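Text of final.txt (compact mmCIF, C-alpha atoms) as supplied:
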```
# COMPACT_ATOMS: atom_id res chain seq x y z
CA MET A 1 -40.85 178.89 22.41
CA LYS A 2 -41.57 177.17 25.64
CA THR A 3 -44.17 178.48 28.00
CA PRO A 4 -42.61 179.31 31.36
CA ARG A 5 -43.70 176.95 34.12
CA PRO A 6 -45.68 178.59 36.86
CA ILE A 7 -43.62 178.71 40.05
CA PHE A 8 -46.53 179.42 42.42
CA PRO A 9 -47.39 175.79 43.09
CA LEU A 10 -43.74 175.11 43.75
CA LEU A 11 -43.64 177.90 46.34
CA LEU A 12 -46.73 176.49 48.01
CA ILE A 13 -45.12 173.09 48.29
CA LEU A 14 -41.90 174.57 49.69
CA GLY A 15 -43.89 176.59 52.21
CA ALA A 16 -45.76 173.54 53.37
CA LEU A 17 -42.51 171.62 53.78
CA THR A 18 -41.01 174.45 55.81
CA VAL A 19 -44.00 174.58 58.16
CA THR A 20 -43.85 170.84 58.59
CA ALA A 21 -40.16 170.95 59.41
CA GLN A 22 -40.72 173.60 62.07
CA GLU A 23 -43.30 171.57 63.97
CA PRO A 24 -41.87 170.03 67.12
CA ASP A 25 -41.08 166.36 67.08
CA PRO A 26 -43.63 164.70 69.33
CA ALA A 27 -41.10 162.01 70.14
CA ALA A 28 -38.59 164.52 71.49
CA GLY A 29 -40.80 165.99 74.12
CA VAL A 30 -38.40 166.27 77.05
CA ASP A 31 -38.50 170.09 77.12
CA ARG A 32 -42.11 170.51 76.13
CA GLU A 33 -45.10 171.23 78.24
CA PRO A 34 -46.59 168.01 79.52
CA PRO A 35 -49.59 166.94 77.50
CA ALA A 36 -53.03 167.46 78.88
CA PRO A 37 -54.08 164.45 80.95
CA ALA A 38 -56.21 161.96 79.11
CA ALA A 39 -59.74 161.40 80.25
CA VAL A 40 -59.60 158.99 83.16
CA ASP A 41 -62.54 156.96 81.94
CA THR A 42 -60.94 156.17 78.62
CA PRO A 43 -57.65 154.42 79.31
CA PRO A 44 -55.48 153.99 76.26
CA ALA A 45 -55.78 150.67 74.60
CA PRO A 46 -52.76 148.44 75.23
CA LYS A 47 -50.34 148.34 72.40
CA PRO A 48 -50.50 145.15 70.42
CA LYS A 49 -47.46 143.01 71.11
CA PRO A 50 -45.04 142.84 68.26
CA ALA A 51 -44.45 139.34 67.11
CA PRO A 52 -41.01 137.98 68.08
CA LYS A 53 -38.68 138.42 65.21
CA SER A 54 -37.63 135.32 63.41
CA ILE A 55 -38.72 132.86 66.05
CA PRO A 56 -39.73 129.77 64.14
CA ARG A 57 -43.11 128.22 64.70
CA ALA A 58 -41.49 124.94 65.65
CA TRP A 59 -38.01 123.66 66.32
CA GLY A 60 -36.14 120.54 67.33
CA ASP A 61 -37.32 117.19 68.60
CA ARG A 62 -41.04 117.38 69.35
CA THR A 63 -41.68 113.93 70.69
CA GLY A 64 -42.54 112.84 74.18
CA PRO A 65 -44.38 114.58 77.00
CA VAL A 66 -45.63 118.09 76.30
CA TYR A 67 -45.16 121.01 78.66
CA ILE A 68 -46.39 124.56 78.45
CA GLY A 69 -43.77 127.23 78.88
CA HIS A 70 -44.57 130.84 79.71
CA ARG A 71 -41.64 133.11 78.99
CA PHE A 72 -40.99 135.77 81.61
CA VAL A 73 -38.16 138.22 81.11
CA THR A 74 -36.73 139.96 84.17
CA GLU A 75 -33.62 142.00 84.61
CA ARG A 76 -30.58 139.83 85.33
CA TYR A 77 -32.60 136.76 86.15
CA THR A 78 -31.01 133.75 84.59
CA GLU A 79 -34.29 131.88 84.60
CA TRP A 80 -36.41 131.49 81.51
CA GLY A 81 -39.95 131.51 82.93
CA TRP A 82 -42.53 129.03 84.15
CA VAL A 83 -43.09 125.51 82.86
CA TRP A 84 -45.93 123.11 83.63
CA LYS A 85 -47.39 119.97 82.14
CA GLU A 86 -49.75 120.55 79.26
CA LYS A 87 -52.94 119.52 81.04
CA GLN A 88 -52.06 121.07 84.36
CA ASP A 89 -53.22 124.40 85.71
CA TYR A 90 -50.72 127.19 85.20
CA ARG A 91 -50.55 127.57 88.98
CA LYS A 92 -48.49 124.37 88.93
CA GLY A 93 -45.93 126.26 86.90
CA ARG A 94 -42.33 125.88 88.08
CA TRP A 95 -39.83 128.69 87.77
CA VAL A 96 -37.00 127.21 85.76
CA ILE A 97 -33.64 127.65 84.16
CA VAL A 98 -33.77 126.14 80.68
CA GLN A 99 -30.79 124.10 79.59
CA GLU A 100 -30.25 124.57 75.91
CA THR A 101 -27.77 122.67 73.88
CA PRO A 102 -25.64 124.61 71.42
CA GLY A 103 -26.27 123.30 67.96
CA ARG A 104 -29.38 121.38 68.95
CA CYS A 105 -32.14 123.30 70.62
CA PRO A 106 -31.63 126.86 71.85
CA ILE A 107 -34.30 128.82 73.65
CA PRO A 108 -36.71 130.25 71.07
CA SER A 109 -35.70 133.89 71.39
CA ARG A 110 -32.04 133.05 70.74
CA LEU A 111 -33.13 131.99 67.27
CA GLY A 112 -34.59 135.48 66.89
CA ASN A 113 -31.35 137.07 68.14
CA ASP A 114 -33.19 139.07 70.79
CA LEU A 115 -33.39 137.20 74.06
CA LYS A 116 -36.03 139.53 75.51
CA SER A 117 -38.35 139.61 72.52
CA ASP A 118 -40.81 137.00 73.68
CA HIS A 119 -41.86 138.22 77.12
CA ASP A 120 -45.27 136.75 78.03
CA TYR A 121 -45.25 134.41 75.06
CA GLU A 122 -46.19 130.79 75.48
CA TYR A 123 -44.82 127.68 73.88
CA ARG A 124 -45.34 123.97 73.87
CA LEU A 125 -42.07 122.63 75.16
CA TYR A 126 -40.56 119.20 74.73
CA GLY A 127 -37.90 117.96 77.07
CA GLU A 128 -37.58 117.03 80.72
CA PHE A 129 -36.98 118.32 84.20
CA LEU A 130 -33.53 117.35 85.42
CA PRO A 131 -32.91 115.88 88.85
CA GLU A 132 -30.20 118.43 89.59
CA GLN A 133 -30.91 122.06 90.32
CA GLY A 134 -29.14 125.04 88.86
CA TYR A 135 -27.66 127.97 90.74
CA ASP A 136 -28.57 131.55 89.83
CA PRO A 137 -25.65 133.68 91.03
CA ASN A 138 -27.49 136.95 90.61
CA TYR A 139 -30.03 136.10 93.27
CA ASP A 140 -28.33 133.26 95.15
CA LEU A 141 -31.04 130.78 94.27
CA TYR A 142 -31.25 127.10 93.56
CA VAL A 143 -33.69 126.68 90.68
CA GLU A 144 -35.12 123.70 88.81
CA VAL A 145 -33.67 122.98 85.38
CA PHE A 146 -35.67 122.03 82.30
CA ARG A 147 -33.65 120.49 79.48
CA LEU A 148 -35.18 121.67 76.22
CA LYS A 149 -35.15 119.51 73.11
CA GLY A 150 -37.89 121.14 71.01
CA PHE A 151 -40.71 123.66 71.02
CA GLU A 152 -43.76 125.00 69.21
CA LEU A 153 -44.74 128.64 69.38
CA ILE A 154 -48.27 129.18 70.73
CA GLY A 155 -48.22 132.98 70.79
CA PRO A 156 -48.73 135.90 73.14
CA ALA A 157 -50.52 135.23 76.42
CA ASP A 158 -51.85 137.16 79.36
CA PRO A 159 -49.35 137.78 82.14
CA LEU A 160 -49.44 135.13 84.85
CA PRO A 161 -50.21 136.08 88.43
CA LEU A 162 -47.18 134.12 89.61
CA THR A 163 -44.15 135.31 91.51
CA PRO A 164 -40.75 134.60 89.98
CA ALA A 165 -38.64 132.21 92.02
CA ALA A 166 -41.51 131.33 94.33
CA ASN A 167 -40.59 127.65 94.16
CA SER A 168 -36.86 128.28 94.42
CA ALA A 169 -34.71 128.18 97.52
CA SER A 170 -31.74 130.18 98.64
CA PRO A 171 -28.85 128.12 99.96
CA THR A 172 -27.91 130.89 102.36
CA LYS A 173 -29.90 129.83 105.34
CA ARG A 174 -28.22 132.06 107.91
CA ARG A 175 -27.75 135.65 106.96
CA SER A 176 -26.23 138.60 108.66
CA SER A 177 -27.81 141.95 108.01
CA SER A 178 -25.13 142.67 105.42
CA LEU A 179 -26.04 139.69 103.29
CA PRO A 180 -28.61 139.91 100.58
CA THR A 181 -32.02 138.47 101.20
CA ARG A 182 -33.86 136.42 98.67
CA GLY A 183 -34.76 138.42 95.65
CA HIS A 184 -31.95 140.90 96.15
CA ARG A 185 -29.20 140.98 93.67
CA VAL A 186 -25.82 139.51 94.46
CA GLU A 187 -23.05 140.91 92.32
CA LEU A 188 -21.38 138.40 90.11
CA ASP A 189 -18.45 138.98 87.86
CA TYR A 190 -14.88 138.03 87.65
CA MET B 1 20.12 93.10 107.83
CA ARG B 2 17.72 93.53 104.91
CA PHE B 3 14.91 94.09 107.41
CA ILE B 4 16.87 96.79 109.21
CA LEU B 5 17.68 98.57 105.94
CA THR B 6 14.05 98.43 104.85
CA LEU B 7 12.92 99.70 108.21
CA THR B 8 15.45 102.50 108.16
CA ALA B 9 14.42 103.50 104.64
CA GLY B 10 10.80 103.38 105.66
CA VAL B 11 11.39 105.59 108.66
CA LEU B 12 13.34 108.09 106.58
CA LEU B 13 10.66 108.10 103.88
CA GLY B 14 7.97 108.49 106.49
CA ALA B 15 9.81 111.37 108.09
CA ALA B 16 10.21 113.08 104.75
CA THR B 17 6.56 112.56 103.86
CA ALA B 18 5.36 113.66 107.27
CA GLY B 19 7.15 116.96 106.86
CA ALA B 20 5.86 117.57 103.34
CA ALA B 21 2.92 119.78 102.61
CA GLU B 22 0.72 120.23 99.58
CA HIS B 23 0.03 123.52 97.83
CA ILE B 24 -3.22 123.46 95.87
CA LEU B 25 -4.29 125.77 93.06
CA VAL B 26 -7.83 125.46 91.70
CA SER B 27 -8.96 126.73 88.30
CA GLY B 28 -12.64 127.07 87.55
CA GLY B 29 -14.02 126.90 84.03
CA CYS B 30 -14.65 129.43 81.32
CA ALA B 31 -17.96 130.43 79.78
CA LEU B 32 -19.13 129.62 76.26
CA MET B 33 -19.20 132.50 73.81
CA TYR B 34 -22.38 130.95 72.45
CA PHE B 35 -24.04 132.39 75.57
CA GLU B 36 -21.80 135.31 76.38
CA LYS B 37 -21.98 137.03 73.00
CA TYR B 38 -25.54 138.10 73.81
CA LYS B 39 -24.51 139.91 77.00
CA ASN B 40 -23.62 143.56 77.40
CA GLN B 41 -20.32 142.63 79.01
CA PRO B 42 -19.35 139.18 77.79
CA HIS B 43 -17.12 137.13 80.05
CA ASP B 44 -14.22 134.96 79.03
CA LYS B 45 -13.54 136.10 75.50
CA TYR B 46 -10.31 134.22 76.02
CA TRP B 47 -10.75 130.66 77.26
CA GLY B 48 -7.58 130.58 79.35
CA ASN B 49 -8.09 133.40 81.88
CA PHE B 50 -8.21 131.11 84.88
CA ILE B 51 -5.59 128.75 83.50
CA ASP B 52 -2.95 131.33 82.69
CA ALA B 53 -3.40 133.06 86.03
CA ALA B 54 -2.88 129.81 87.90
CA GLU B 55 0.11 128.96 85.74
CA VAL B 56 1.70 132.32 86.54
CA ARG B 57 1.05 131.74 90.22
CA ALA B 58 2.51 128.25 90.04
CA ARG B 59 5.72 129.61 88.54
CA GLN B 60 5.90 132.31 91.21
CA LEU B 61 5.77 129.95 94.14
CA ASN B 62 9.05 129.01 95.68
CA LEU B 63 8.06 125.93 97.60
CA PRO B 64 10.07 124.48 100.46
CA ALA B 65 11.98 121.34 99.59
CA GLY B 66 9.72 118.32 99.68
CA ASP B 67 6.48 120.26 99.30
CA GLN B 68 4.26 119.46 96.35
CA LEU B 69 2.28 121.63 93.98
CA THR B 70 -1.09 120.34 92.83
CA TRP B 71 -3.32 122.00 90.27
CA LEU B 72 -7.00 121.08 90.14
CA VAL B 73 -8.90 122.12 87.02
CA TYR B 74 -12.64 121.95 86.36
CA ARG B 75 -12.66 119.83 83.23
CA PRO B 76 -16.18 119.98 81.70
CA ALA B 77 -15.96 123.67 80.89
CA TYR B 78 -12.77 123.19 78.87
CA VAL B 79 -14.17 120.17 77.09
CA ASN B 80 -17.20 122.20 76.00
CA ARG B 81 -15.24 125.32 75.11
CA GLY B 82 -12.72 123.23 73.21
CA ARG B 83 -15.52 121.61 71.27
CA ALA B 84 -16.91 125.04 70.42
CA GLU B 85 -13.52 126.31 69.28
CA ASN B 86 -12.44 123.06 67.68
CA ALA B 87 -9.38 122.96 69.90
CA ASN B 88 -7.95 120.48 72.35
CA LEU B 89 -7.87 122.66 75.42
CA LEU B 90 -7.20 119.77 77.77
CA ALA B 91 -3.92 119.09 76.04
CA ALA B 92 -3.03 122.77 76.23
CA ILE B 93 -3.70 122.78 79.97
CA GLN B 94 -1.67 119.62 80.46
CA ALA B 95 1.26 121.27 78.74
CA LYS B 96 1.00 124.33 80.96
CA ALA B 97 0.89 122.16 84.08
CA ALA B 98 3.94 120.25 82.97
CA GLY B 99 5.78 123.50 82.29
CA ALA B 100 4.92 124.77 85.75
CA ARG B 101 5.89 121.43 87.32
CA ALA B 102 2.47 121.03 88.89
CA ARG B 103 0.64 117.77 89.37
CA LEU B 104 -2.55 118.18 87.37
CA PHE B 105 -5.85 116.66 88.44
CA TRP B 106 -9.18 117.17 86.70
CA PHE B 107 -12.42 117.42 88.60
CA ASP B 108 -15.94 117.39 87.24
CA THR B 109 -17.99 118.07 90.35
CA GLN B 110 -17.84 119.72 93.73
CA ARG B 111 -17.81 116.26 95.29
CA GLU B 112 -14.66 115.30 93.40
CA LEU B 113 -12.94 118.47 94.49
CA LEU B 114 -13.88 117.97 98.12
CA ASN B 115 -12.88 114.34 97.95
CA TYR B 116 -9.43 115.35 96.78
CA LEU B 117 -9.06 118.03 99.43
CA ASN B 118 -10.14 115.72 102.24
CA LYS B 119 -8.77 112.39 101.08
CA GLY B 120 -6.67 112.89 97.98
CA ARG B 121 -3.59 112.36 100.10
CA ASN B 122 -3.13 110.89 103.52
CA ARG B 123 -3.99 114.09 105.36
CA ASP B 124 -2.40 112.82 108.56
CA GLN B 125 0.91 113.05 106.73
CA VAL B 126 0.43 115.55 103.93
CA LYS B 127 -1.39 118.66 105.06
CA VAL B 128 -2.63 121.42 102.78
CA ALA B 129 -0.42 124.47 103.18
CA ARG B 130 -2.00 126.56 100.43
CA PHE B 131 -5.36 126.88 98.68
CA GLU B 132 -5.78 129.44 95.91
CA TYR B 133 -8.78 129.76 93.61
CA PHE B 134 -8.97 131.27 90.14
CA GLY B 135 -12.40 131.49 88.57
CA HIS B 136 -15.87 132.95 88.64
CA SER B 137 -17.39 133.80 91.98
CA ASN B 138 -19.83 136.01 93.77
CA MET B 139 -19.71 136.97 97.42
CA LEU B 140 -21.28 133.70 98.52
CA CYS B 141 -19.95 131.14 96.15
CA LEU B 142 -17.06 129.85 94.07
CA MET B 143 -18.44 128.91 90.65
CA PHE B 144 -16.37 126.36 88.78
CA ASP B 145 -18.87 126.66 85.99
CA TYR B 146 -20.58 129.81 84.75
CA SER B 147 -22.43 130.18 81.47
CA ASN B 148 -21.06 126.94 80.15
CA ALA B 149 -23.55 124.18 80.93
CA LEU B 150 -26.27 126.76 81.68
CA ASP B 151 -26.52 130.30 80.37
CA GLY B 152 -25.67 132.70 83.19
CA ALA B 153 -25.79 129.96 85.79
CA ALA B 154 -24.27 126.67 86.91
CA PHE B 155 -25.45 123.31 88.06
CA ALA B 156 -25.46 123.04 91.83
CA SER B 157 -22.77 120.36 91.67
CA SER B 158 -20.44 122.81 89.91
CA ILE B 159 -20.18 125.38 92.67
CA LEU B 160 -18.77 125.53 96.17
CA HIS B 161 -21.21 127.69 98.08
CA GLN B 162 -20.22 129.00 101.47
CA GLY B 163 -22.94 126.79 102.86
CA ASP B 164 -20.94 123.82 101.55
CA LEU B 165 -17.73 124.72 103.38
CA LYS B 166 -18.68 122.52 106.29
CA LYS B 167 -17.85 119.60 103.98
CA ILE B 168 -14.17 120.49 104.14
CA ASP B 169 -12.39 118.74 106.99
CA ALA B 170 -10.82 121.46 109.07
CA ASP B 171 -7.84 119.33 110.06
CA ILE B 172 -6.50 118.96 106.52
CA PHE B 173 -4.65 122.29 106.72
CA THR B 174 -1.33 123.19 108.24
CA LYS B 175 -1.62 125.63 111.11
CA ASP B 176 -0.20 128.46 109.05
CA ALA B 177 -1.92 127.58 105.77
CA TYR B 178 -2.45 130.30 103.18
CA ALA B 179 -5.76 130.70 101.35
CA LYS B 180 -6.82 133.19 98.72
CA SER B 181 -9.68 133.52 96.27
CA TRP B 182 -8.73 135.54 93.22
CA GLY B 183 -12.38 135.66 92.14
CA CYS B 184 -14.75 138.59 92.48
CA HIS B 185 -16.39 139.61 95.75
CA SER B 186 -15.09 136.70 97.86
CA GLY B 187 -13.88 139.11 100.51
CA GLU B 188 -17.41 140.36 101.07
CA SER B 189 -18.67 137.18 102.74
CA TYR B 190 -17.00 133.99 101.54
CA SER B 191 -13.64 134.68 103.15
CA ALA B 192 -15.18 135.12 106.59
CA GLU B 193 -17.18 131.92 106.29
CA TRP B 194 -14.11 130.04 105.07
CA HIS B 195 -12.19 131.28 108.10
CA ARG B 196 -15.00 130.32 110.43
CA ARG B 197 -15.31 126.83 108.99
CA THR B 198 -11.68 125.92 108.46
CA GLY B 199 -9.85 128.12 110.92
CA ILE B 200 -7.69 129.36 108.04
CA PRO B 201 -7.91 133.00 106.96
CA MET B 202 -8.79 133.53 103.31
CA ILE B 203 -7.84 136.62 101.38
CA GLY B 204 -10.66 137.70 99.09
CA ALA B 205 -11.56 140.63 96.90
CA ILE B 206 -13.92 143.36 97.95
CA GLY B 207 -15.21 144.33 94.56
CA LYS B 208 -14.36 142.79 91.24
CA THR B 209 -11.21 141.26 89.89
CA ASP B 210 -10.21 141.34 86.26
CA TYR B 211 -8.25 138.69 84.36
CA SER B 212 -8.38 140.38 80.99
CA ARG B 213 -4.80 141.65 80.97
CA GLY B 214 -3.44 138.14 81.30
CA GLY B 215 -1.50 136.72 84.22
CA LEU B 216 -2.74 137.31 87.74
CA PRO B 217 -5.98 139.23 88.05
CA PHE B 218 -6.11 142.73 89.44
CA LEU B 219 -8.71 144.57 91.48
CA SER B 220 -10.92 146.47 89.08
CA SER B 221 -13.57 148.16 91.25
CA PRO B 222 -12.94 151.81 92.15
CA ASN B 223 -12.73 151.08 95.89
CA GLY B 224 -11.64 147.49 95.55
CA LYS B 225 -9.25 145.93 98.00
CA TRP B 226 -8.11 142.57 99.29
CA SER B 227 -9.51 141.53 102.59
CA GLN B 228 -9.50 138.53 104.90
```
Output the file's structure in the form of C-alpha cells.
Amino acid sequence: MKTPRPIFPLLLILGALTVTAQEPDPAAGVDREPPAPAAVDTPPAPKPKPAPKSIPRAWGDRTGPVYIGHRFVTERYTEWGWVWKEKQDYRKGRWVIVQETPGRCPIPSRLGNDLKSDHDYEYRLYGEFLPEQGYDPNYDLYVEVFRLKGFELIGPADPLPLTPAANSASPTKRRSSSLPTRGHRVELDY
Amino acid sequence: MRFILTLTAGVLLGAATAGAAEHILVSGGCALMYFEKYKNQPHDKYWGNFIDAAEVRARQLNLPAGDQLTWLVYRPAYVNRGRAENANLLAAIQAKAAGARARLFWFDTQRELLNYLNKGRNRDQVKVARFEYFGHSNMLCLMFDYSNALDGAAFASSILHQGDLKKIDADIFTKDAYAKSWGCHSGESYSAEWHRRTGIPMIGAIGKTDYSRGGLPFLSSPNGKWSQ
C-alpha cells in the first residue's frame, strides 16, 4: 500500500505562485503611482551598451589610408556619422554620407541587420572621400561622401561634442519664410 | 533648275522645322531594394513606376502634326537595378519607348539633361512645348536618383535643385509651353521657382503623389492638390 503524498508543500508552492502572479508588472507602470524620486546625489549608472548584433570585427578590403569613423544615428538623417584621418583630432571629423557597394562593403550595421544598432560606435574605416558631394533630401543639404571599402570594429566610444551637418551646406541660399531652414526636415517621398 | 529645286525644298523643310515643337518627358530612376528593404515604407518595390507613368502619358498625348516626342531617362539607376534583379531593364525601357513612338535618350547626369534641354536641338527652330517629370522629388528638388547610388540620398550631379534652374535657358520654350512635375511636393516651392526662372508655369503637387497603382500617379496626401 502506498503512503499518500503530503499535499501541504504543494499548496504552499501554489500559493506562492498565485501571490507572484498578482504582483504588478513593473514594466507596465503606466497607471501606477510614480516611483519615489531617486536620491539626487546618486544618479543611476548608465546602462552598458549592448554590443551590435552580428557586426563582424573586420570586413572587406583593409588596405590603404586609415580613417576613424564615429557612427551617429539620427532620425531621418541619411548621413552615417563623422570620419577623420586616423592620426587627426576628432574635431577634424567630417559629417559624411557613406557610399556602400552592394555585394562588396556595406556599412557595418547593415551586416547586423539593424541599421541603428551601432550608435556611438567607432571603426577604423578604409576607403576614400569622393570629389562629388551627396544630397540629403530630408534636410536639403550637400554632404561629403566617403566611399567605404573595408572596416574594423573598434567598439563603443564616448559621444562626440560635434554638431551633425556642421560642415555641410544647404543649396537653398535664398529662402522665404515658408521654406525650411537648415536642420529642418523637408518632406521627401514620391 | 536643280539649284531652285534644292532651294525650294530647303525652304519648305525649314518652314516645317521652324513650326515644329518638342515635347519632353523625363523619367528619374528607381531605388535599390538593397537599401529600401530596411525602411519602414520602402520606395520603388516595382522598378518601373516612373517608366510606366511616362509611357502612359506618352500614349495619351495627341501631338500636333510635325511635333516630336522625346523621352529622357536617367540611365544609371536602371543599370544598377537591372544588375540587382538580373534583368535587362534598358532593353525593356527601349521597347516601351518604341511602342509609345517616343525618341528615347539616356542621361547620366544633370549636366547631360541640361545640355539636351538647351542644345539638344536647334532651339531657334525647335522650341520645347512641354516638359513633364516623373520621379522622386521633394519641394526643392527633382531627384533623378534616390537610394540607388547612395542610401536615402543622391549624388549632387543626379538632381536638379531649384537653385540649378538658372542653368536652363529661358528662351528654349514656346510661349505657351506646358510644364508639370508629377513628383511629390513640387508645388510647394519648385513650381514657383521654375516659373520665375523660365517664365513657364509648372504644375506641381502639394503633398505626395503615389505611383503604386500603375500608370499616372495620383495625389495621396489628405489635402493634396495640384498647384502652379
Worksheet item: stretch 45-50 of chain B: which residues within 6 Å, counting all atoms listed in the file, same-chain residues fewer than 6 positions away excluded, as a ChimeraX atom specification?
Response: /B:27,30,134-135,211
Write out, as a PDB file, in the coordinates of the input, the residues just selected, with C-alpha atoms.
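The resulting file, result_9.pdb, is reproduced below:
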```
ATOM      1  CA  SER B  27      -8.960 126.730  88.300  1.00  0.00           C
ATOM      2  CA  CYS B  30     -14.650 129.430  81.320  1.00  0.00           C
ATOM      3  CA  PHE B 134      -8.970 131.270  90.140  1.00  0.00           C
ATOM      4  CA  GLY B 135     -12.400 131.490  88.570  1.00  0.00           C
ATOM      5  CA  TYR B 211      -8.250 138.690  84.360  1.00  0.00           C
TER       6      TYR B 211
END
```
Item to complete: Select all residues from chain B having any atom no more than 7 Å from an atom of chain A (counting all atoms listed in the file, ignoring ligands), output as a PyMOL selection string.
Response: chain B and resi 136-138+150+152-156+163+183-184+208-210
Go ahead and write the residues just picked, C-alpha atoms, as a PDB file, keeping the file's coordinate frame.
```
ATOM      1  CA  HIS B 136     -15.870 132.950  88.640  1.00  0.00           C
ATOM      2  CA  SER B 137     -17.390 133.800  91.980  1.00  0.00           C
ATOM      3  CA  ASN B 138     -19.830 136.010  93.770  1.00  0.00           C
ATOM      4  CA  LEU B 150     -26.270 126.760  81.680  1.00  0.00           C
ATOM      5  CA  GLY B 152     -25.670 132.700  83.190  1.00  0.00           C
ATOM      6  CA  ALA B 153     -25.790 129.960  85.790  1.00  0.00           C
ATOM      7  CA  ALA B 154     -24.270 126.670  86.910  1.00  0.00           C
ATOM      8  CA  PHE B 155     -25.450 123.310  88.060  1.00  0.00           C
ATOM      9  CA  ALA B 156     -25.460 123.040  91.830  1.00  0.00           C
ATOM     10  CA  GLY B 163     -22.940 126.790 102.860  1.00  0.00           C
ATOM     11  CA  GLY B 183     -12.380 135.660  92.140  1.00  0.00           C
ATOM     12  CA  CYS B 184     -14.750 138.590  92.480  1.00  0.00           C
ATOM     13  CA  LYS B 208     -14.360 142.790  91.240  1.00  0.00           C
ATOM     14  CA  THR B 209     -11.210 141.260  89.890  1.00  0.00           C
ATOM     15  CA  ASP B 210     -10.210 141.340  86.260  1.00  0.00           C
TER      16      ASP B 210
END
```
Item to complete: Tell me, as a list of chain:residue names, which residues lie within 9 Å of B:Gly204, counting only C-alpha atoms; anything in the same chain fewer than 6 positions away does not count.
Response: B:Ala179, B:Lys180, B:Ser181, B:Trp182, B:Gly183, B:Cys184, B:His185, B:Ser186, B:Gly187, B:Glu188, B:Ser189, B:Tyr190, B:Ser191, B:Lys225, B:Trp226, B:Ser227, B:Gln228
Worksheet item: Mind pulling up the distance from atom CA of A:Glu128 to atom CA of B:Arg75?
Response: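 We find that atom CA of B:Arg75 and atom CA of A:Glu128 lie 25.2 Å from each other.
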Can you tell me which residues surround B:Asp67 at a distance of at most 8 Å, considering all atoms listed in the file, apart from same-chain residues fewer than 2 positions away, and format the answer as a PDB file with C-alpha atoms, in the frame of the given file?
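After the write, part-v4.pdb holds the following:
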```pdb
ATOM      1  CA  ALA B  20       5.860 117.570 103.340  1.00  0.00           C
ATOM      2  CA  ALA B  21       2.920 119.780 102.610  1.00  0.00           C
ATOM      3  CA  GLU B  22       0.720 120.230  99.580  1.00  0.00           C
ATOM      4  CA  HIS B  23       0.030 123.520  97.830  1.00  0.00           C
ATOM      5  CA  LEU B  63       8.060 125.930  97.600  1.00  0.00           C
ATOM      6  CA  PRO B  64      10.070 124.480 100.460  1.00  0.00           C
ATOM      7  CA  ALA B  65      11.980 121.340  99.590  1.00  0.00           C
ATOM      8  CA  LEU B  69       2.280 121.630  93.980  1.00  0.00           C
TER       9      LEU B  69
END
```
Worksheet item: In Å to one decimal, how far is atom CA of B:Trp71 from atom CA of B:Ala97?
Response: 7.5 Å
Discussion item. What's the separation between atom CA of B:Tyr133 and atom CA of B:Phe173, in Å to one decimal place?
Written reply: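 Here the two named atoms are 15.6 Å from each other.
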Worksheet item: Quick one: of B:Leu165, B:Ala149, B:Leu113, B:Ala100, who's nearest to B:Asn62, counting only C-alpha atoms?
Response: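 Nearest to B:Asn62: B:Ala100.
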Item to complete: Select, from A:Pro159, A:Pro106, A:Gly69, A:Gly81, the residue with the minimum atom-to-atom distance to A:Glu122, counting only C-alpha atoms.
Response: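 Among A:Pro159, A:Pro106, A:Gly69, A:Gly81, it is A:Gly69 that comes nearest to A:Glu122.
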Fill in: Minimum-distance residue to B:Asp151, chosen among B:Glu36, B:Met202, B:Ile24, B:Ala87 (using only C-alpha atoms)
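Going through B:Glu36, B:Met202, B:Ile24, B:Ala87 one by one, the smallest distance to B:Asp151 is for B:Glu36.
Take the candidates A:Arg124, A:Arg57, A:His119, A:Lys149 and check each one against A:Glu75 using only C-alpha atoms; the shortest distance goes to A:His119.
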Discussion item. When you look at stretch 90-93 of chain A with a cut-off of 10 Å (counting only C-alpha atoms), what residues show up, excluding the ones that are within fewer than 4 positions of it in the same chain? I need them as a VMD selection string.
Written reply: chain A and resid 67 to 70 81 to 86 160 to 162 167
Item to complete: Compile the contact shell of B:Met33 as an NGL selection string: residues with an atom at most 9 Å away, counting only C-alpha atoms, same-chain residues fewer than 6 positions apart removed.
Response: :B and (42-45 or 81 or 84 or 147-148)
Discussion item. Taking (-39.7, 131.5, 96.0) as a centre in this file's frame and 10 Å as the limit, can you find every polymer residue with an atom that close, using all atoms listed in the file, and give them as a PyMOL selection string?
Written reply: chain A and resi 95+141-143+163-170+182-183
